[in-house]
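Below is the file input15.cif, which contains mmCIF, C-alpha atoms.
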```
data_entry
loop_
_atom_site.label_atom_id
_atom_site.label_comp_id
_atom_site.auth_asym_id
_atom_site.auth_seq_id
_atom_site.Cartn_x
_atom_site.Cartn_y
_atom_site.Cartn_z
CA MET M 4 -31.68 46.89 -14.49
CA GLU M 5 -32.88 48.29 -11.25
CA ARG M 6 -30.93 48.17 -8.09
CA ARG M 7 -33.53 45.90 -6.52
CA ASP M 8 -33.38 43.40 -9.39
CA PHE M 9 -29.62 43.35 -9.32
CA ILE M 10 -29.56 42.50 -5.63
CA LYS M 11 -32.15 39.79 -6.18
CA ILE M 12 -30.20 38.13 -9.00
CA ALA M 13 -26.85 38.45 -7.24
CA GLY M 14 -28.23 37.03 -4.03
CA GLY M 15 -29.95 34.18 -5.84
CA THR M 16 -26.78 33.27 -7.72
CA PHE M 17 -24.75 33.36 -4.54
CA LEU M 18 -27.20 31.07 -2.73
CA ALA M 19 -27.38 28.64 -5.65
CA GLY M 20 -23.59 28.58 -5.90
CA SER M 21 -23.06 27.87 -2.26
CA ALA M 22 -25.74 25.17 -2.36
CA CYS M 23 -23.91 23.54 -5.28
CA ALA M 24 -20.62 23.75 -3.44
CA TYR M 25 -22.23 22.16 -0.41
CA ALA M 26 -23.75 19.36 -2.51
CA PHE M 27 -20.48 18.81 -4.38
CA ARG M 28 -18.83 17.63 -1.18
CA PHE M 29 -21.32 14.82 -0.89
CA LEU M 30 -21.18 13.98 -4.56
CA THR M 31 -17.43 13.56 -4.59
CA ALA M 32 -17.03 12.24 -1.06
CA SER M 33 -15.23 8.96 -0.86
CA ASN M 34 -17.16 6.31 0.99
CA ILE M 35 -14.10 4.45 2.10
CA ASP M 36 -14.20 4.01 5.82
CA GLY M 37 -11.41 3.32 8.20
CA LEU M 38 -8.71 4.55 5.88
CA ILE M 39 -8.43 8.15 6.94
CA VAL M 40 -4.87 9.34 6.86
CA GLU M 41 -3.77 10.25 10.31
CA ASN M 42 -1.34 13.01 10.94
CA LEU M 43 1.77 10.94 11.34
CA THR M 44 4.31 12.53 13.56
CA THR M 45 6.59 9.76 14.62
CA GLY M 46 9.34 12.22 15.35
CA ARG M 47 11.83 10.15 13.44
CA LYS M 48 14.49 11.59 11.21
CA TYR M 49 16.34 9.01 9.22
CA GLY M 50 19.95 9.62 8.36
CA MET M 51 22.97 7.73 7.17
CA VAL M 52 26.58 7.49 8.26
CA ILE M 53 29.17 6.11 5.85
CA ASP M 54 32.47 5.18 7.43
CA LEU M 55 34.96 5.53 4.58
CA THR M 56 37.81 4.32 6.77
CA LYS M 57 36.13 0.91 7.00
CA CYS M 58 34.98 0.77 3.37
CA ILE M 59 36.92 -1.80 1.33
CA PRO M 60 38.37 -0.41 -1.94
CA GLY M 61 36.82 -2.09 -4.95
CA CYS M 62 33.95 -3.64 -3.04
CA THR M 63 30.59 -2.96 -4.64
CA ALA M 64 28.36 -5.20 -2.54
CA CYS M 65 26.11 -2.32 -1.44
CA VAL M 66 25.72 -1.00 -4.97
CA GLU M 67 24.70 -4.40 -6.30
CA ALA M 68 22.36 -5.04 -3.40
CA CYS M 69 20.70 -1.67 -3.98
CA HIS M 70 20.24 -2.31 -7.67
CA ASN M 71 18.78 -5.75 -7.11
CA GLU M 72 16.51 -4.67 -4.28
CA ASN M 73 15.04 -1.70 -6.10
CA ASN M 74 15.13 -3.09 -9.65
CA VAL M 75 17.37 -0.25 -10.74
CA ILE M 76 18.40 -0.41 -14.37
CA HIS M 77 21.91 -1.76 -14.67
CA SER M 78 22.23 -3.53 -17.97
CA GLY M 79 25.79 -2.31 -18.50
CA ASP M 80 24.83 0.21 -21.16
CA LYS M 81 25.97 3.62 -19.95
CA ARG M 82 23.31 5.43 -21.93
CA TRP M 83 20.43 4.04 -19.89
CA ASP M 84 21.98 2.87 -16.67
CA ILE M 85 21.04 4.84 -13.61
CA HIS M 86 22.61 4.77 -10.19
CA TRP M 87 20.90 5.19 -6.89
CA LEU M 88 24.13 4.49 -5.13
CA ARG M 89 27.48 4.82 -6.82
CA LYS M 90 31.11 4.64 -5.94
CA VAL M 91 33.50 7.23 -7.27
CA THR M 92 37.23 7.55 -6.87
CA ILE M 93 38.48 10.97 -5.80
CA GLU M 94 42.01 12.23 -5.84
CA ASN M 95 43.62 15.35 -4.48
CA LYS M 96 46.22 16.41 -7.02
CA LEU M 97 47.59 19.21 -4.80
CA SER M 98 48.46 16.83 -2.01
CA PRO M 99 49.15 13.42 -3.53
CA GLU M 100 50.24 11.98 -0.19
CA VAL M 101 46.56 11.64 0.75
CA GLY M 102 46.13 9.11 -2.00
CA LYS M 103 43.02 8.05 -3.84
CA LYS M 104 39.81 7.54 -2.03
CA GLU M 105 36.60 5.77 -2.92
CA VAL M 106 33.47 7.60 -1.91
CA LEU M 107 29.89 6.38 -1.96
CA LEU M 108 27.54 8.91 -3.45
CA LEU M 109 23.78 8.80 -3.11
CA CYS M 110 20.80 11.01 -2.47
CA ASN M 111 21.60 13.03 0.65
CA HIS M 112 17.98 13.26 1.80
CA CYS M 113 18.39 16.94 2.55
CA ASP M 114 16.33 18.57 5.26
CA LYS M 115 15.67 21.42 2.82
CA PRO M 116 15.58 19.50 -0.45
CA PRO M 117 16.03 21.67 -3.56
CA CYS M 118 14.51 18.91 -5.69
CA ALA M 119 11.26 19.05 -3.74
CA GLN M 120 11.16 22.82 -3.96
CA VAL M 121 11.36 22.88 -7.74
CA CYS M 122 8.98 20.00 -8.42
CA PRO M 123 5.97 21.52 -10.22
CA VAL M 124 3.58 18.70 -9.31
CA GLN M 125 4.77 17.90 -5.77
CA ALA M 126 5.86 14.46 -6.91
CA THR M 127 9.11 14.84 -5.01
CA TYR M 128 8.52 15.56 -1.36
CA LYS M 129 9.95 15.04 2.06
CA ARG M 130 8.26 12.41 4.15
CA HIS M 131 7.43 12.99 7.80
CA ASP M 132 10.53 11.00 8.73
CA GLY M 133 12.83 13.07 6.56
CA ILE M 134 13.18 10.74 3.59
CA VAL M 135 13.04 12.53 0.25
CA ILE M 136 11.07 10.41 -2.12
CA VAL M 137 9.48 10.52 -5.59
CA ASP M 138 5.86 9.62 -6.16
CA HIS M 139 6.12 7.95 -9.56
CA HIS M 140 2.39 8.16 -10.04
CA ARG M 141 2.61 11.93 -10.01
CA CYS M 142 5.96 12.53 -11.69
CA ILE M 143 5.60 14.07 -15.13
CA GLY M 144 9.25 13.64 -16.08
CA CYS M 145 10.14 17.33 -16.41
CA ARG M 146 13.62 16.72 -14.94
CA TYR M 147 13.69 19.96 -12.95
CA CYS M 148 14.83 17.99 -9.91
CA VAL M 149 17.69 16.43 -11.86
CA ILE M 150 18.95 19.92 -12.58
CA ALA M 151 18.26 21.27 -9.09
CA CYS M 152 20.07 18.56 -7.14
CA PRO M 153 23.52 19.85 -6.16
CA TYR M 154 24.77 16.31 -5.54
CA ASN M 155 23.94 14.86 -8.97
CA ALA M 156 22.02 12.19 -7.12
CA ARG M 157 18.97 12.33 -9.34
CA MET M 158 18.68 10.21 -12.43
CA PHE M 159 16.12 10.04 -15.17
CA ASN M 160 14.77 6.74 -16.40
CA PHE M 161 15.12 6.78 -20.14
CA LYS M 162 14.08 3.16 -20.31
CA SER M 163 12.13 0.85 -18.09
CA GLU M 164 13.91 -2.06 -16.52
CA GLU M 165 13.39 -5.31 -18.38
CA GLU M 166 14.65 -7.71 -15.75
CA TRP M 167 12.62 -7.99 -12.62
CA HIS M 168 14.95 -8.92 -9.79
CA ASN M 169 12.81 -8.22 -6.75
CA LYS M 170 9.21 -8.96 -7.57
CA ASP M 171 7.83 -7.75 -4.25
CA HIS M 172 8.93 -4.27 -5.22
CA PRO M 173 7.66 -2.28 -8.19
CA LYS M 174 9.71 -2.11 -11.33
CA ARG M 175 11.25 1.17 -12.42
CA SER M 176 9.16 2.74 -15.10
CA HIS M 177 10.51 4.94 -17.86
CA GLY M 178 9.91 8.68 -17.98
CA VAL M 179 10.26 9.44 -14.29
CA ALA M 180 13.08 10.91 -12.26
CA GLU M 181 14.42 8.89 -9.39
CA ALA M 182 16.89 8.73 -6.59
CA CYS M 183 17.66 6.67 -3.53
CA THR M 184 14.63 6.22 -1.28
CA LEU M 185 16.72 5.03 1.66
CA CYS M 186 14.74 1.79 1.11
CA ALA M 187 11.68 3.41 2.67
CA HIS M 188 9.68 0.25 2.01
CA ARG M 189 12.09 -1.68 4.21
CA LEU M 190 12.41 0.97 6.90
CA ASP M 191 8.62 1.02 7.25
CA LYS M 192 8.83 -2.65 8.15
CA ASP M 193 11.72 -2.01 10.56
CA GLN M 194 14.22 -3.70 8.30
CA PRO M 195 17.58 -2.13 7.43
CA PRO M 196 18.09 -0.84 3.88
CA ALA M 197 19.53 -3.24 1.34
CA CYS M 198 22.94 -1.54 1.22
CA VAL M 199 23.30 -1.69 5.01
CA GLU M 200 22.42 -5.35 5.03
CA ALA M 201 24.87 -6.12 2.22
CA CYS M 202 27.62 -4.19 3.96
CA ARG M 203 27.00 -6.14 7.15
CA ASN M 204 27.04 -9.43 5.24
CA VAL M 205 30.41 -8.55 3.77
CA GLY M 206 31.58 -8.01 7.33
CA THR M 207 32.39 -4.35 7.00
CA GLY M 208 29.46 -2.56 8.54
CA ALA M 209 30.56 0.75 7.11
CA ILE M 210 27.06 2.02 6.39
CA VAL M 211 24.74 2.82 9.26
CA VAL M 212 21.18 4.01 8.86
CA GLY M 213 19.09 5.10 11.79
CA ASP M 214 17.10 7.70 13.58
CA LEU M 215 19.01 10.95 14.08
CA ASN M 216 16.44 12.24 16.56
CA ASP M 217 16.92 9.30 18.91
CA PRO M 218 20.01 10.04 21.06
CA ARG M 219 20.44 6.36 21.95
CA SER M 220 20.62 5.10 18.36
CA GLU M 221 23.87 3.92 16.84
CA ILE M 222 23.90 6.64 14.25
CA SER M 223 23.45 9.50 16.76
CA LYS M 224 26.35 8.19 18.82
CA LEU M 225 28.52 7.98 15.70
CA VAL M 226 27.63 11.50 14.64
CA GLU M 227 28.38 12.80 18.11
CA SER M 228 31.58 10.90 18.83
CA ARG M 229 33.29 10.86 15.44
CA ALA M 230 34.36 13.67 13.14
CA VAL M 231 31.68 13.63 10.48
CA LYS M 232 31.47 15.68 7.33
CA ARG M 233 28.65 16.31 4.99
CA LEU M 234 28.79 17.20 1.33
CA LYS M 235 28.36 20.83 0.26
CA GLU M 236 27.18 21.97 3.67
CA ASP M 237 27.59 25.58 2.63
CA LEU M 238 24.59 25.31 0.31
CA GLY M 239 22.25 25.17 3.27
CA THR M 240 20.47 22.05 2.15
CA ASP M 241 21.24 20.36 5.46
CA PRO M 242 22.04 16.88 4.08
CA LYS M 243 21.50 13.86 6.32
CA VAL M 244 24.21 11.63 4.87
CA HIS M 245 27.33 11.91 7.02
CA TYR M 246 30.79 10.78 6.05
CA ILE M 247 33.54 9.65 8.40
CA GLY M 248 37.05 10.02 7.06
CA LEU M 249 36.21 12.07 4.02
CA MET P 4 -23.43 48.14 -53.69
CA PHE P 5 -23.37 46.12 -50.48
CA ASP P 6 -26.66 45.63 -48.74
CA LEU P 7 -25.69 45.41 -45.11
CA ASN P 8 -28.96 43.84 -44.06
CA LYS P 9 -28.62 41.01 -46.56
CA ILE P 10 -25.12 40.21 -45.41
CA LYS P 11 -26.33 40.20 -41.83
CA GLU P 12 -29.15 37.84 -42.71
CA LYS P 13 -26.74 35.48 -44.41
CA ALA P 14 -24.38 35.56 -41.47
CA TYR P 15 -27.18 34.68 -39.09
CA LEU P 16 -28.24 31.84 -41.34
CA ILE P 17 -24.72 30.42 -41.49
CA ALA P 18 -24.34 30.69 -37.72
CA ALA P 19 -27.65 28.91 -37.15
CA LEU P 20 -26.69 26.14 -39.58
CA ALA P 21 -23.34 25.70 -37.90
CA ALA P 22 -25.00 25.43 -34.51
CA VAL P 23 -27.42 22.80 -35.79
CA VAL P 24 -24.60 20.83 -37.37
CA VAL P 25 -22.54 20.95 -34.19
CA ILE P 26 -25.47 19.61 -32.19
CA LEU P 27 -26.50 17.01 -34.76
CA ILE P 28 -23.06 15.48 -35.43
CA PRO P 29 -22.66 13.74 -32.06
CA ILE P 30 -26.28 12.57 -32.04
CA GLY P 31 -25.97 11.21 -35.54
CA TYR P 32 -22.66 9.63 -34.74
CA SER P 33 -24.06 7.76 -31.77
CA ILE P 34 -27.11 6.60 -33.75
CA VAL P 35 -25.00 5.35 -36.63
CA THR P 36 -22.49 3.58 -34.40
CA ASN P 37 -25.32 1.94 -32.47
CA LEU P 38 -26.88 0.72 -35.69
CA PHE P 39 -23.70 -1.02 -36.75
CA ALA P 40 -22.63 -2.12 -33.29
CA GLY P 41 -24.16 -5.58 -33.47
CA PRO P 42 -25.50 -7.48 -30.49
CA PRO P 43 -24.49 -6.22 -27.04
CA GLN P 44 -21.50 -7.84 -25.47
CA PRO P 45 -22.20 -10.25 -22.61
CA ARG P 46 -21.19 -9.13 -19.15
CA PRO P 47 -17.69 -10.31 -18.36
CA PHE P 48 -17.47 -13.26 -16.10
CA LEU P 49 -14.82 -12.94 -13.46
CA GLU P 50 -12.92 -15.78 -11.96
CA MET P 51 -13.94 -16.34 -8.38
CA PRO P 52 -11.32 -16.92 -5.76
CA ASP P 53 -10.95 -20.12 -3.88
CA GLU P 54 -13.51 -21.15 -1.26
CA LYS P 55 -10.84 -20.85 1.37
CA TYR P 56 -10.98 -17.09 1.00
CA LYS P 57 -14.56 -16.22 1.76
CA GLU P 58 -14.14 -12.56 2.55
CA CYS P 59 -12.50 -9.84 0.60
CA VAL P 60 -11.13 -6.81 2.42
CA ARG P 61 -14.50 -5.09 1.81
CA GLU P 62 -17.91 -6.31 0.66
CA THR P 63 -18.18 -7.58 -2.88
CA GLU P 64 -20.59 -4.85 -3.94
CA PHE P 65 -18.24 -2.17 -2.64
CA MET P 66 -15.22 -3.74 -4.28
CA ARG P 67 -17.03 -3.96 -7.59
CA GLN P 68 -17.72 -0.23 -7.64
CA HIS P 69 -14.95 1.31 -5.64
CA HIS P 70 -11.92 -0.98 -5.75
CA TRP P 71 -9.99 1.65 -7.67
CA GLU P 72 -10.83 4.22 -5.02
CA LEU P 73 -9.66 1.89 -2.30
CA LEU P 74 -6.45 1.15 -4.18
CA ARG P 75 -5.87 4.83 -4.77
CA THR P 76 -6.35 5.62 -1.10
CA ILE P 77 -3.99 2.88 -0.07
CA ARG P 78 -1.47 4.09 -2.62
CA GLU P 79 -1.64 7.62 -1.27
CA GLU P 80 -1.14 6.39 2.27
CA VAL P 81 1.77 4.15 1.44
CA VAL P 82 3.61 6.41 -0.96
CA ARG P 83 3.12 9.71 0.77
CA TYR P 84 2.77 8.79 4.42
CA GLY P 85 4.62 5.50 4.68
CA LYS P 86 1.63 3.90 6.36
CA ARG P 87 1.81 0.34 5.17
CA THR P 88 -1.05 -2.01 5.98
CA ASP P 89 -1.50 -5.62 4.93
CA ILE P 90 -3.97 -4.54 2.25
CA ASN P 91 -2.03 -4.10 -0.95
CA ILE P 92 -1.81 -5.28 -4.50
CA ASN P 93 0.20 -8.30 -3.39
CA LYS P 94 -2.66 -9.29 -1.14
CA CYS P 95 -5.09 -9.25 -4.09
CA ARG P 96 -3.08 -11.82 -5.95
CA GLU P 97 -3.21 -14.26 -3.06
CA CYS P 98 -6.86 -15.00 -3.81
CA HIS P 99 -7.38 -13.63 -7.31
CA VAL P 100 -4.64 -15.60 -8.93
CA SER P 101 -5.22 -14.74 -12.53
CA ARG P 102 -4.85 -11.15 -13.61
CA GLU P 103 -6.22 -12.16 -16.99
CA GLY P 104 -9.40 -13.57 -15.53
CA PHE P 105 -9.81 -11.08 -12.76
CA CYS P 106 -8.60 -7.62 -13.76
CA ASN P 107 -8.18 -7.62 -17.49
CA ARG P 108 -11.42 -9.24 -18.55
CA CYS P 109 -13.54 -6.50 -17.03
CA HIS P 110 -11.19 -3.65 -17.87
CA ASN P 111 -10.93 -4.74 -21.47
CA SER P 112 -14.68 -4.93 -21.89
CA VAL P 113 -15.05 -1.32 -20.80
CA ASN P 114 -11.98 -0.17 -22.72
CA LEU P 115 -10.03 0.73 -19.64
CA TYR P 116 -6.32 0.11 -19.48
CA PRO P 117 -4.85 1.16 -16.15
CA ASP P 118 -1.07 0.95 -16.16
CA CYS P 119 -0.63 -0.52 -12.68
CA PHE P 120 1.11 -3.60 -13.92
CA GLY P 121 3.79 -1.83 -15.87
CA CYS P 122 5.58 -1.48 -12.57
CA HIS P 123 3.72 -3.61 -10.05
CA TYR P 124 4.06 -7.33 -10.19
CA TYR P 125 0.99 -9.40 -10.87
CA PRO P 126 2.00 -12.70 -12.39
CA GLU P 127 0.65 -14.02 -15.64
CA PRO P 128 -1.56 -17.08 -15.10
CA SER P 129 0.94 -19.45 -16.69
CA GLU P 130 3.68 -18.11 -14.46
CA MET P 131 1.50 -18.51 -11.40
CA ALA P 132 0.51 -22.04 -12.40
CA GLU P 133 4.16 -22.93 -12.77
CA LYS P 134 4.83 -21.55 -9.31
CA MET P 135 1.92 -23.50 -7.85
CA ARG P 136 3.08 -26.65 -9.55
CA LYS P 137 6.47 -26.28 -7.98
CA SER P 138 5.22 -25.54 -4.51
CA GLY P 139 2.40 -28.09 -4.72
CA ASP P 140 -0.12 -25.68 -3.26
CA LYS P 141 -3.22 -26.41 -5.30
CA ALA P 142 -5.78 -24.99 -2.91
CA ILE P 143 -5.37 -21.46 -4.14
CA LEU P 144 -6.39 -22.31 -7.66
CA PHE P 145 -10.13 -22.28 -6.93
CA GLY P 146 -10.05 -26.01 -6.37
CA GLN P 147 -9.70 -26.52 -10.10
CA SER P 148 -7.04 -28.22 -12.08
CA ILE P 149 -3.96 -26.10 -12.70
CA GLU P 150 -3.99 -26.81 -16.41
CA ARG P 151 -7.13 -24.73 -16.85
CA LEU P 152 -5.51 -21.48 -15.89
CA PRO P 153 -3.33 -20.79 -18.92
CA ASP P 154 -6.39 -21.11 -21.21
CA LEU P 155 -7.96 -18.02 -19.70
CA SER P 156 -5.82 -15.69 -21.73
CA GLY P 157 -6.70 -17.38 -24.99
CA GLU P 158 -10.22 -16.01 -25.22
#
```

Show this structure as structure tokens.
Amino acid sequence: MERRDFIKIAGGTFLAGSACAYAFRFLTASNIDGLIVENLTTGRKYGMVIDLTKCIPGCTACVEACHNENNVIHSGDKRWDIHWLRKVTIENKLSPEVGKKEVLLLCNHCDKPPCAQVCPVQATYKRHDGIVIVDHHRCIGCRYCVIACPYNARMFNFKSEEEWHNKDHPKRSHGVAEACTLCAHRLDKDQPPACVEACRNVGTGAIVVGDLNDPRSEISKLVESRAVKRLKEDLGTDPKVHYIGL
Amino acid sequence: MFDLNKIKEKAYLIAALAAVVVILIPIGYSIVTNLFAGPPQPRPFLEMPDEKYKECVRETEFMRQHHWELLRTIREEVVRYGKRTDININKCRECHVSREGFCNRCHNSVNLYPDCFGCHYYPEPSEMAEKMRKSGDKAILFGQSIERLPDLSGE
């Protein structure tokens, strides 16, 4: 092949390719108007404060409310049951005078979430308001996030839920990993999460959810005025669930 | 002993035959299946919503072609950006009461089984009729008697 021919063919191929690429945009373009995703920067950063000094021992109102709101599997069979919010009893054997303590454990909605970093399909991600959430439509069930989470907050659905408690909310499907969503569907409508509401109804008000970036919000005042602790802060995940009296 | 040219000829012949077979199999398959397919299926008839609801969220022609695209866009916005509008799958069921008569009939006829309703709630017609009977709101049921709805699934 001569140099001239080579340049001709190469140039022709390049032009045809770019024309195809240009046409492809129109072929695949979505003709849905008015639904363009705007760059949402509300500047919010949701966080949670759990006041363990107020929390009543043995009370599981928040856990039940969470399970009913989000249709979380809780049939009583330990093999399949998953927990978005769970209560564990901790005990310091070196200093027994402290006594036993009940601690609520849930997804910490880290600012640098390890689960989102390991997700191979970007199903787990951090929303613009700081909530770490799973897109069940994308999740392939590889369970990397379950392993990566240092708080054991992630659970895998081995079974889909049979009972449908809250029919306005999707059912949990099997084969996807899940964790607390901080009731994002309720926060988007400016309603408090189910656990917060249940805790208020009990009369305790130990759980507070709010905007950490807003200095006038209840949660920011609590974080500033009280001695708060976070779990495994040394890992650098920057969790947003704060504990009082841990 | 071995004639290289003959072997080459044979190899070319086999390759040509294989190519022809590979091209002919799908054509033959489609011809044969069409021969035994029987009469074409009638176009599915979808249940219309009540007169009260004259407008869908988009034009009918658009919804017919691109409803899945619209739903996918909405899904992306809600799940990934938290931008909730009043257009959602719950809104569909306000007018299109019966999933059997509205979604499934068309999807089944084109052999399409989206798994939306494994997780999202869209009541069965009998369940919806029961709900309507309790609340006494008959207007939603296309101005028809409630007892007709459960029969839709029996086709």

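The gap separating atom CA of M:Lys162 from atom CA of M:His77 is 10.8 Å, in Å to one decimal.
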
Could you list the residues in chain P lying within 7 Å of chain M, using only C-alpha atoms, and format the result as a PyMOL selection string?
chain P and resi 73+80+82-85+122-124

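Of the residues under consideration (M:Ala182, M:Phe9, M:Val75, M:Val52), M:Val52 shows the shortest atom-to-atom contact distance to M:Lys224 when counting all atoms listed in the file.
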
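Between atom CA of P:Glu97 and atom CA of M:Asn74 the interatomic distance comes to 22.5 Å.
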
Looking at P:Arg75, P:Thr63, P:Ala14, P:Lys94, which one is nearest to P:Cys119, with distances taken over only C-alpha atoms?
P:Arg75

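Take the candidates M:Val199, M:Cys113, M:Val149, M:Ile210 and check each one against M:Glu236 using all atoms listed in the file; the shortest distance goes to M:Cys113.
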
How far is it from atom CA of M:Met51 to atom CA of M:Val101, in Å with one decimal?
24.8 Å

Could you list the residues chosen by the PyMOL selection byres ((chain M and resi 57) around 8) in this structure as a short mmCIF file (atom, residue, chain, number, x, y, z; two decimals) with C-alpha atoms, keeping the file's coordinate frame?
```cif
data_model
loop_
_atom_site.label_atom_id
_atom_site.label_comp_id
_atom_site.auth_asym_id
_atom_site.auth_seq_id
_atom_site.Cartn_x
_atom_site.Cartn_y
_atom_site.Cartn_z
CA ASP M 54 32.47 5.18 7.43
CA LEU M 55 34.96 5.53 4.58
CA THR M 56 37.81 4.32 6.77
CA CYS M 58 34.98 0.77 3.37
CA ILE M 59 36.92 -1.80 1.33
CA THR M 207 32.39 -4.35 7.00
CA GLY M 208 29.46 -2.56 8.54
CA ALA M 209 30.56 0.75 7.11
#
```

Evaluated on this file, the PyMOL selection byres ((chain M and resi 201) around 10) picks out some residues - which ones are they, written as a PyMOL selection string?
chain M and resi 63-69+195-200+202-208+210

Neighbours of stretch 82-99 of chain M within 7 Å (all atoms listed in the file; same-chain residues fewer than 2 positions away dropped), as a VMD selection string?
chain M and resid 66 75 to 80 101 to 109 158 161 to 162 182 to 183

Target residues per the PyMOL selection byres ((chain M and resi 121) around 10), formatted as a PyMOL selection string
chain M and resi 116-120+122-125+127+146-152

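Proximity to M:Gly46 was assessed for M:Ile247, M:Ala19, M:Val226, M:Leu215 counting only C-alpha atoms; the smallest distance is recorded for M:Leu215.
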
Set up a box along x, y and z of the file covering all listed atoms of stretch 101-109 of chain M, add 6 Å on every one of the six sides, and write the centre and edge lengths in Å to one decimal, as AutoDock Vina command-line options.
```
--center_x 35.2 --center_y 8.7 --center_z -1.5 --size_x 34.8 --size_y 17.9 --size_z 16.6
```

Exercise: residues within 6 Å of coordinate (14.7, 9.7, -14.1), counting all atoms listed in the file, as JSON, numbers by chain:
{"M": [158, 159, 160, 179, 180, 181]}
